[in-house]
>>> print(open('query_22.txt').read())   # compact mmCIF, C-alpha atoms
# COMPACT_ATOMS: atom_id res chain seq x y z
CA MET A 5 104.48 -31.96 -21.90
CA THR A 6 107.90 -32.71 -20.43
CA MET A 7 108.84 -31.47 -16.96
CA ARG A 8 111.43 -29.10 -18.46
CA ILE A 9 108.85 -27.54 -20.79
CA LEU A 10 106.37 -27.27 -17.92
CA ARG A 11 108.96 -25.61 -15.70
CA ASN A 12 109.86 -23.07 -18.39
CA ALA A 13 106.21 -22.35 -19.11
CA VAL A 14 105.40 -21.81 -15.44
CA LEU A 15 108.49 -19.66 -14.97
CA ALA A 16 107.53 -17.48 -17.94
CA LEU A 17 104.01 -17.12 -16.59
CA SER A 18 105.24 -16.27 -13.10
CA LEU A 19 107.57 -13.55 -14.32
CA ALA A 20 104.99 -12.08 -16.68
CA SER A 21 102.38 -11.90 -13.95
CA THR A 22 104.55 -10.60 -11.11
CA ALA A 23 102.72 -7.31 -10.81
CA ALA A 24 99.31 -8.92 -10.89
CA LEU A 25 100.20 -11.58 -8.33
CA ALA A 26 102.09 -9.33 -5.92
CA ASN A 27 100.45 -8.68 -2.59
CA THR A 28 98.50 -5.46 -2.36
CA GLY A 29 97.62 -3.31 0.59
CA SER A 30 99.68 -2.14 3.52
CA ALA A 31 102.70 -4.09 4.67
CA PRO A 32 102.20 -6.23 7.80
CA GLU A 33 103.60 -5.06 11.10
CA HIS A 34 107.22 -6.15 11.50
CA LYS A 35 107.40 -8.74 14.26
CA GLY A 36 110.79 -10.40 13.85
CA LYS A 37 112.57 -12.83 11.57
CA VAL A 38 112.80 -16.49 10.71
CA LEU A 39 115.85 -18.37 9.46
CA LEU A 40 114.99 -20.59 6.50
CA VAL A 41 117.71 -23.14 5.79
CA ALA A 42 117.87 -24.97 2.46
CA SER A 43 120.30 -27.55 1.13
CA SER A 44 123.26 -26.71 -1.08
CA THR A 45 123.19 -30.00 -2.95
CA ASN A 46 121.44 -30.87 -6.21
CA THR A 47 122.36 -34.58 -6.37
CA LEU A 48 120.95 -37.64 -4.62
CA THR A 49 122.98 -40.84 -4.65
CA PHE A 50 121.13 -44.15 -4.77
CA LYS A 51 122.25 -47.34 -3.03
CA ASP A 52 123.77 -48.65 -6.25
CA GLY A 53 125.86 -45.51 -6.72
CA ARG A 54 123.74 -43.95 -9.47
CA THR A 55 122.76 -40.33 -9.00
CA HIS A 56 119.58 -38.37 -9.57
CA PRO A 57 118.84 -34.61 -9.55
CA THR A 58 117.34 -33.34 -6.31
CA GLY A 59 116.64 -30.14 -4.43
CA TYR A 60 113.91 -28.51 -2.35
CA PHE A 61 110.20 -29.06 -2.98
CA LEU A 62 108.56 -25.87 -4.20
CA GLY A 63 105.46 -25.80 -2.00
CA GLU A 64 107.39 -26.89 1.08
CA LEU A 65 109.57 -23.80 0.85
CA VAL A 66 107.17 -21.21 -0.57
CA ILE A 67 103.97 -21.86 1.39
CA PRO A 68 105.58 -21.48 4.85
CA ALA A 69 107.90 -18.66 3.71
CA GLN A 70 105.00 -16.61 2.37
CA ALA A 71 103.02 -17.32 5.56
CA PHE A 72 105.90 -15.98 7.67
CA LEU A 73 106.13 -12.85 5.54
CA LYS A 74 102.38 -12.27 5.62
CA ALA A 75 102.45 -12.58 9.41
CA GLY A 76 105.15 -9.90 9.66
CA TYR A 77 108.33 -11.98 9.95
CA ASP A 78 111.30 -11.34 7.69
CA VAL A 79 112.65 -14.51 6.09
CA VAL A 80 116.44 -14.86 5.97
CA ILE A 81 117.53 -17.67 3.68
CA ALA A 82 120.79 -19.54 4.19
CA THR A 83 122.48 -22.55 2.62
CA PRO A 84 125.71 -24.28 3.65
CA ASP A 85 127.59 -22.95 0.60
CA GLY A 86 125.67 -19.71 0.14
CA ASN A 87 124.45 -20.89 -3.27
CA THR A 88 120.96 -20.55 -4.71
CA PRO A 89 119.23 -23.76 -3.63
CA ALA A 90 118.24 -26.19 -6.38
CA LEU A 91 114.55 -26.69 -7.09
CA ASP A 92 113.33 -30.26 -7.56
CA ALA A 93 111.59 -30.16 -10.95
CA ASN A 94 109.18 -32.87 -9.83
CA SER A 95 107.64 -30.39 -7.40
CA ILE A 96 106.60 -27.90 -10.09
CA THR A 97 103.01 -29.07 -10.23
CA THR A 98 99.59 -27.66 -9.37
CA GLU A 99 99.02 -30.77 -7.24
CA HIS A 100 100.60 -29.00 -4.26
CA PHE A 101 98.84 -25.69 -4.95
CA GLU A 102 95.19 -26.71 -4.78
CA GLY A 103 95.17 -27.39 -8.51
CA SER A 104 95.68 -23.69 -9.22
CA GLU A 105 97.94 -22.54 -12.07
CA ALA A 106 97.88 -19.03 -10.59
CA LYS A 107 99.14 -20.25 -7.18
CA LEU A 108 101.83 -22.32 -8.86
CA ALA A 109 102.88 -19.28 -10.88
CA ASP A 110 102.97 -17.18 -7.71
CA ALA A 111 105.21 -19.77 -6.05
CA MET A 112 107.58 -19.67 -9.02
CA ARG A 113 107.52 -15.88 -8.90
CA PHE A 114 108.58 -16.01 -5.26
CA VAL A 115 111.57 -18.30 -5.77
CA THR A 116 112.75 -16.40 -8.85
CA THR A 117 112.37 -12.87 -7.49
CA TYR A 118 112.69 -12.96 -3.68
CA PRO A 119 116.17 -11.51 -3.04
CA GLY A 120 117.11 -14.03 -0.39
CA MET A 121 116.52 -16.90 -2.79
CA GLN A 122 118.94 -15.57 -5.38
CA LYS A 123 121.68 -14.61 -2.95
CA PRO A 124 121.35 -16.68 0.23
CA GLN A 125 123.74 -16.15 3.10
CA THR A 126 126.13 -18.91 4.05
CA LEU A 127 124.86 -20.78 7.07
CA HIS A 128 128.24 -20.41 8.76
CA THR A 129 128.09 -16.61 8.42
CA VAL A 130 124.61 -16.49 9.92
CA VAL A 131 125.57 -18.69 12.85
CA GLN A 132 128.79 -16.80 13.52
CA GLY A 133 126.86 -13.52 13.41
CA GLY A 134 124.61 -14.69 16.22
CA LEU A 135 121.11 -16.13 16.27
CA LYS A 136 119.55 -14.26 19.19
CA ASP A 137 117.57 -11.95 16.90
CA PHE A 138 115.88 -14.86 15.10
CA ASP A 139 112.49 -15.98 16.37
CA GLY A 140 112.46 -19.36 14.66
CA ILE A 141 114.04 -21.68 12.14
CA TYR A 142 112.41 -23.61 9.30
CA LEU A 143 113.63 -26.28 6.85
CA PRO A 144 111.75 -27.53 3.77
CA GLY A 145 112.16 -31.00 2.37
CA GLY A 146 112.93 -32.65 -0.92
CA HIS A 147 115.59 -35.39 -0.71
CA ALA A 148 118.43 -32.86 -0.49
CA PRO A 149 118.57 -32.58 3.36
CA MET A 150 119.46 -36.29 3.48
CA VAL A 151 122.72 -35.45 1.73
CA ASP A 152 124.22 -32.38 3.36
CA LEU A 153 121.99 -30.78 6.01
CA MET A 154 121.72 -33.86 8.22
CA GLN A 155 125.48 -33.74 8.76
CA ASP A 156 126.09 -29.98 8.64
CA LYS A 157 127.73 -28.87 11.88
CA ASP A 158 126.72 -25.22 11.48
CA LEU A 159 123.11 -26.31 11.27
CA GLY A 160 123.68 -28.46 14.33
CA THR A 161 124.96 -25.42 16.21
CA ALA A 162 121.92 -23.41 15.12
CA LEU A 163 119.47 -26.13 16.15
CA ARG A 164 121.08 -26.50 19.57
CA GLN A 165 120.74 -22.76 20.15
CA PHE A 166 117.09 -22.67 19.10
CA HIS A 167 116.48 -25.74 21.26
CA ALA A 168 118.13 -24.17 24.30
CA ALA A 169 116.07 -21.00 23.84
CA GLY A 170 112.85 -22.94 23.20
CA LYS A 171 112.31 -21.10 19.91
CA ALA A 172 110.03 -22.35 17.14
CA THR A 173 111.74 -25.06 15.07
CA GLY A 174 109.90 -26.36 12.01
CA LEU A 175 110.90 -29.04 9.50
CA LEU A 176 108.80 -30.58 6.74
CA CYS A 177 108.76 -33.88 4.83
CA HIS A 178 112.44 -34.89 4.36
CA GLY A 179 113.49 -31.84 6.37
CA PRO A 180 113.23 -33.50 9.82
CA ILE A 181 116.21 -35.74 9.00
CA ALA A 182 118.31 -32.58 9.39
CA LEU A 183 117.62 -32.70 13.14
CA THR A 184 120.44 -35.25 13.29
CA SER A 185 122.92 -32.47 12.49
CA SER A 186 122.72 -31.63 16.20
CA ILE A 187 124.31 -35.00 17.08
CA ASN A 188 127.91 -34.65 18.25
CA ASN A 189 129.24 -36.51 15.20
CA PRO A 190 126.48 -36.27 12.56
CA SER A 191 128.68 -37.54 9.74
CA ALA A 192 129.36 -40.77 11.66
CA PHE A 193 125.64 -41.14 12.33
CA ARG A 194 124.81 -40.78 8.63
CA ALA A 195 127.56 -43.20 7.63
CA ALA A 196 126.20 -45.77 10.09
CA MET A 197 122.70 -45.44 8.60
CA VAL A 198 124.03 -45.75 5.04
CA SER A 199 125.85 -48.96 6.03
CA GLY A 200 122.73 -50.32 7.72
CA ASP A 201 124.26 -50.32 11.20
CA THR A 202 121.42 -48.85 13.27
CA ARG A 203 123.09 -49.97 16.50
CA ALA A 204 126.15 -47.82 15.76
CA ALA A 205 123.87 -44.98 14.72
CA ALA A 206 122.05 -45.19 18.05
CA THR A 207 125.37 -45.09 19.90
CA ASP A 208 126.44 -42.01 17.94
CA ALA A 209 123.15 -40.30 18.87
CA GLN A 210 123.11 -41.17 22.56
CA ASP A 211 123.25 -37.51 23.65
CA TRP A 212 120.85 -36.19 20.98
CA ILE A 213 118.95 -33.13 22.16
CA TYR A 214 115.71 -34.36 20.53
CA LYS A 215 115.80 -37.81 22.12
CA GLY A 216 112.30 -38.58 23.38
CA TYR A 217 110.65 -35.90 21.24
CA LYS A 218 107.54 -36.83 19.28
CA MET A 219 108.06 -36.10 15.59
CA THR A 220 107.04 -37.08 12.08
CA VAL A 221 108.84 -37.35 8.75
CA TYR A 222 108.23 -38.56 5.19
CA SER A 223 107.24 -42.14 5.82
CA THR A 224 108.94 -45.30 4.60
CA ALA A 225 105.73 -46.24 2.77
CA GLU A 226 105.74 -42.91 0.94
CA GLU A 227 109.44 -43.23 0.18
CA LYS A 228 109.06 -46.68 -1.33
CA SER A 229 106.44 -45.31 -3.71
CA VAL A 230 108.82 -42.52 -4.74
CA GLU A 231 111.63 -45.01 -5.26
CA LYS A 232 109.53 -46.74 -7.90
CA PHE A 233 108.92 -43.38 -9.59
CA LEU A 234 112.62 -42.40 -9.49
CA GLY A 235 113.86 -45.85 -10.45
CA GLY A 236 116.34 -46.20 -7.60
CA ASN A 237 116.58 -47.04 -3.89
CA ILE A 238 117.66 -44.40 -1.40
CA GLN A 239 120.49 -45.18 1.01
CA PHE A 240 118.33 -45.40 4.15
CA TYR A 241 114.84 -44.58 5.37
CA MET A 242 114.27 -41.57 7.57
CA GLU A 243 111.78 -43.24 9.88
CA ASP A 244 114.53 -45.72 10.74
CA ALA A 245 117.15 -43.00 11.19
CA LEU A 246 115.11 -40.77 13.49
CA THR A 247 113.96 -43.79 15.51
CA ALA A 248 117.56 -44.98 15.88
CA ALA A 249 118.52 -41.51 17.10
CA GLY A 250 115.86 -41.67 19.81
CA GLY A 251 112.93 -39.84 18.24
CA LEU A 252 109.36 -41.01 18.84
CA VAL A 253 108.34 -41.13 15.19
CA GLN A 254 104.67 -41.03 14.21
CA VAL A 255 103.35 -41.23 10.64
CA ARG A 256 99.97 -41.43 8.98
CA ALA A 257 98.80 -43.02 5.73
CA PRO A 258 100.68 -41.86 2.61
CA GLY A 259 99.52 -38.49 1.37
CA THR A 260 97.76 -37.59 4.62
CA ALA A 261 98.42 -34.06 5.86
CA PHE A 262 99.91 -34.51 9.33
CA ILE A 263 102.05 -32.52 11.74
CA VAL A 264 103.40 -33.25 15.21
CA GLU A 265 104.14 -30.60 17.82
CA ASP A 266 106.33 -31.30 20.84
CA ARG A 267 107.71 -28.41 22.85
CA GLU A 268 109.50 -26.05 20.42
CA LEU A 269 109.57 -28.63 17.64
CA ILE A 270 107.02 -28.80 14.80
CA THR A 271 107.45 -31.46 12.13
CA GLY A 272 105.32 -32.26 9.07
CA GLN A 273 105.08 -35.57 7.23
CA ASN A 274 104.79 -34.66 3.56
CA PRO A 275 104.21 -31.89 0.99
CA ASP A 276 100.47 -32.01 1.73
CA SER A 277 101.29 -30.77 5.26
CA ALA A 278 102.80 -27.46 4.10
CA HIS A 279 99.81 -25.30 5.03
CA MET A 280 99.43 -27.05 8.39
CA ILE A 281 103.04 -26.54 9.41
CA ALA A 282 102.99 -22.94 8.16
CA ASP A 283 99.94 -22.16 10.32
CA ALA A 284 101.41 -23.94 13.34
CA MET A 285 104.73 -22.12 12.99
CA VAL A 286 103.06 -18.70 12.74
CA LYS A 287 100.92 -19.51 15.79
CA LYS A 288 103.98 -20.54 17.79
CA LEU A 289 106.00 -17.51 16.64
CA ASN A 290 103.18 -15.18 17.65
CA ALA A 291 102.79 -16.92 21.00
CA GLN A 292 106.49 -16.45 21.68
CA LYS A 293 106.13 -12.74 20.95
CA ALA A 294 103.11 -12.41 23.20
CA ALA A 295 104.93 -14.18 26.05
CA ARG A 296 107.82 -11.71 26.09
>>> encode(input="query_22.txt", output="C-alpha cells")
Amino acid sequence: MTMRILRNAVLALSLASTAALANTGSAPEHKGKVLLVASSTNTLTFKDGRTHPTGYFLGELVIPAQAFLKAGYDVVIATPDGNTPALDANSITTEHFEGSEAKLADAMRFVTTYPGMQKPQTLHTVVQGGLKDFDGIYLPGGHAPMVDLMQDKDLGTALRQFHAAGKATGLLCHGPIALTSSINNPSAFRAAMVSGDTRAAATDAQDWIYKGYKMTVYSTAEEKSVEKFLGGNIQFYMEDALTAAGGLVQVRAPGTAFIVEDRELITGQNPDSAHMIADAMVKKLNAQKAAR
C-alpha cells in the first residue's frame, strides 16, 4: 500500500469514527493555555539543491497537544504565515501510536477537525497581541523547523519572553533547532551552518539565551539513517548547530525515548519521546500554576 493510499484510508477512518473516538465525560478544569508553534514550510532542500516534501510529524504534534487539552490547557496553534501546517506523510504510521490503528485514526481526527489546526493564527499576530496569558510554548519536529522556524524572528521574540518569565518551553525531535531563532541574527547563524562555518555560527550565537543549557535533539546518527531513506543529505546536522550555539547537547542511542530538562526548557530527542515530553510539560505547567 502506498503512503498516499494509507494516508487517505486513515483519514477516512478518522473522520468516520469521530464520534466514537471523541473524549467522553466532563470537560477538564480550565487551567490556562499553551502556544503550539508549527512550521509554515512543506519543502526541505538537500545539500545538492534537490527538494523533498516535509512538514510536522503527526505524533509529535498530536500526543503533546492532546495531553495539554486533557490537563485543562487550551492549545493555540500558530504558524509564521498563518497557514495550515503540512503533515509529513512518512509520520502517518501506527509505529508512533503503540501499533494501534485506532490511536492513529484518533490522531488524524485531531489534525483534521481541531479548529486551530485548520485556521492557525499568524505567529506575528500572537506575539504582537502579548504572551503574558500563555503558560507555555511547544514545538513539534519533522524537518520543517530547520527551514523557517530556526530563523523566524517572531518566534525568537516569543522564546525570549518565555525564557525571561521562566515559563515551560518544550521542543521535540527536530523542534529544538528552532531555539536558535532567539539568536540576534538567526538567519546569519543558519547560513553559517549551511556553509559549514561553525566558527562563524558560534560568533553569531555568542549572546544566545540558551548558552550553557543542557538539551537534546534528533541525533546525527538518527539523521544519517533518515538520509538514506530519503535519498538525500540535509544541509547541516542539528547536534552540530546547537553545540556551535553553546548548547550542552546530550543524545542517546537511535530510537531511544529521551528527554532533557534544564530550568524552563524541556527537549526531546525523537518521535519515540512524545509521551515523555508531553508528561514533563504537563507536570511543569501544573507546577507553575501551583507556585502562583
>>> closest_atom_pairs(input="query_22.txt", of="segment 178-291 of chain A", to="segment 65-89 of chain A", cutoff="8 Å", atoms="all atoms listed in the file", output="JSON lines")
{"residue": "A:Ala278", "atom": "CA", "partner": "A:Ile67", "partner_atom": "CA", "distance": 6.3}
{"residue": "A:His279", "atom": "CA", "partner": "A:Ile67", "partner_atom": "CA", "distance": 6.5}
{"residue": "A:Ile281", "atom": "CA", "partner": "A:Pro68", "partner_atom": "CA", "distance": 7.3}
{"residue": "A:Ala282", "atom": "CA", "partner": "A:Pro68", "partner_atom": "CA", "distance": 4.4}
{"residue": "A:Asp283", "atom": "CA", "partner": "A:Ala71", "partner_atom": "CA", "distance": 7.5}
{"residue": "A:Val286", "atom": "CA", "partner": "A:Phe72", "partner_atom": "CA", "distance": 6.4}
>>> closest_residue(input="query_22.txt", among="A:Thr97, A:Gln122, A:Thr173, A:Thr117", to="Leu39 of chain A", atoms="all atoms listed in the file")
A:Thr173
>>> closest_atom_pairs(input="query_22.txt", of="segment 66-152 of chain A", to="segment 232-247 of chain A", cutoff="12 Å", atoms="only C-alpha atoms", output="CSV")
residue,atom,partner,partner_atom,distance
A:Asn94,CA,A:Leu234,CA,10.1
A:Gly145,CA,A:Met242,CA,12.0
A:His147,CA,A:Ile238,CA,9.3
A:Ala148,CA,A:Ile238,CA,11.6
A:Pro149,CA,A:Met242,CA,10.8
A:Met150,CA,A:Met242,CA,8.5
A:Val151,CA,A:Gln239,CA,10.0
>>> residues_around(input="query_22.txt", residues="Gln254 of chain A", least_positions_apart="4", cutoff="12 Å", atoms="all atoms listed in the file", output="PyMOL selection string")
chain A and resi 217-224+242-244+246-247+262-266+271-273
>>> residues_around(input="query_22.txt", residues="Pro57 of chain A", least_positions_apart="4", cutoff="7 Å", atoms="all atoms listed in the file", output="MDAnalysis selection string")
chainID A and resid 46:48
>>> atom_distance(input="query_22.txt", atom1="atom CA of Ala109 of chain A", atom2="atom CA of Leu62 of chain A")
11.0 Å
>>> closest_residue(input="query_22.txt", among="A:Glu33, A:Asp211, A:Glu105, A:Asp158", to="Val130 of chain A", atoms="all atoms listed in the file")
A:Asp158
>>> residues_around(input="query_22.txt", residues="Ser186 of chain A", least_positions_apart="5", cutoff="10 Å", atoms="only C-alpha atoms", output="list in words")
Met154, Gln155, Asp156, Lys157, Asp158, Leu159, Gly160, Thr161, Ala162, Leu163, Arg164, Gln165, His167, Ala209, Asp211, Trp212, Ile213 and Tyr214 of chain A
>>> residues_around(input="query_22.txt", residues="Arg203 of chain A", least_positions_apart="5", cutoff="10 Å", atoms="only C-alpha atoms", output="PyMOL selection string")
chain A and resi 196-197+208-209+248-249
>>> atom_distance(input="query_22.txt", atom1="atom CA of Ala284 of chain A", atom2="atom CA of Val230 of chain A")
27.0 Å
>>> closest_residue(input="query_22.txt", among="A:Thr58, A:Gln292, A:Thr260, A:Ser199", to="Ser277 of chain A", atoms="all atoms listed in the file")
A:Thr260
>>> closest_residue(input="query_22.txt", among="A:Asn290, A:Ser44, A:Thr184, A:Thr126", to="Tyr60 of chain A", atoms="all atoms listed in the file")
A:Ser44
>>> residues_around(input="query_22.txt", residues="segment 256-259 of chain A", least_positions_apart="4", cutoff="7 Å", atoms="all atoms listed in the file", output="list in words")
Ala225, Glu226, Asn274 and Asp276 of chain A
>>> atom_distance(input="query_22.txt", atom1="atom CA of Thr98 of chain A", atom2="atom CA of Cys177 of chain A")
18.0 Å
>>> closest_residue(input="query_22.txt", among="A:Lys171, A:Glu64, A:Val115, A:Gly200", to="Ser95 of chain A", atoms="only C-alpha atoms")
A:Glu64
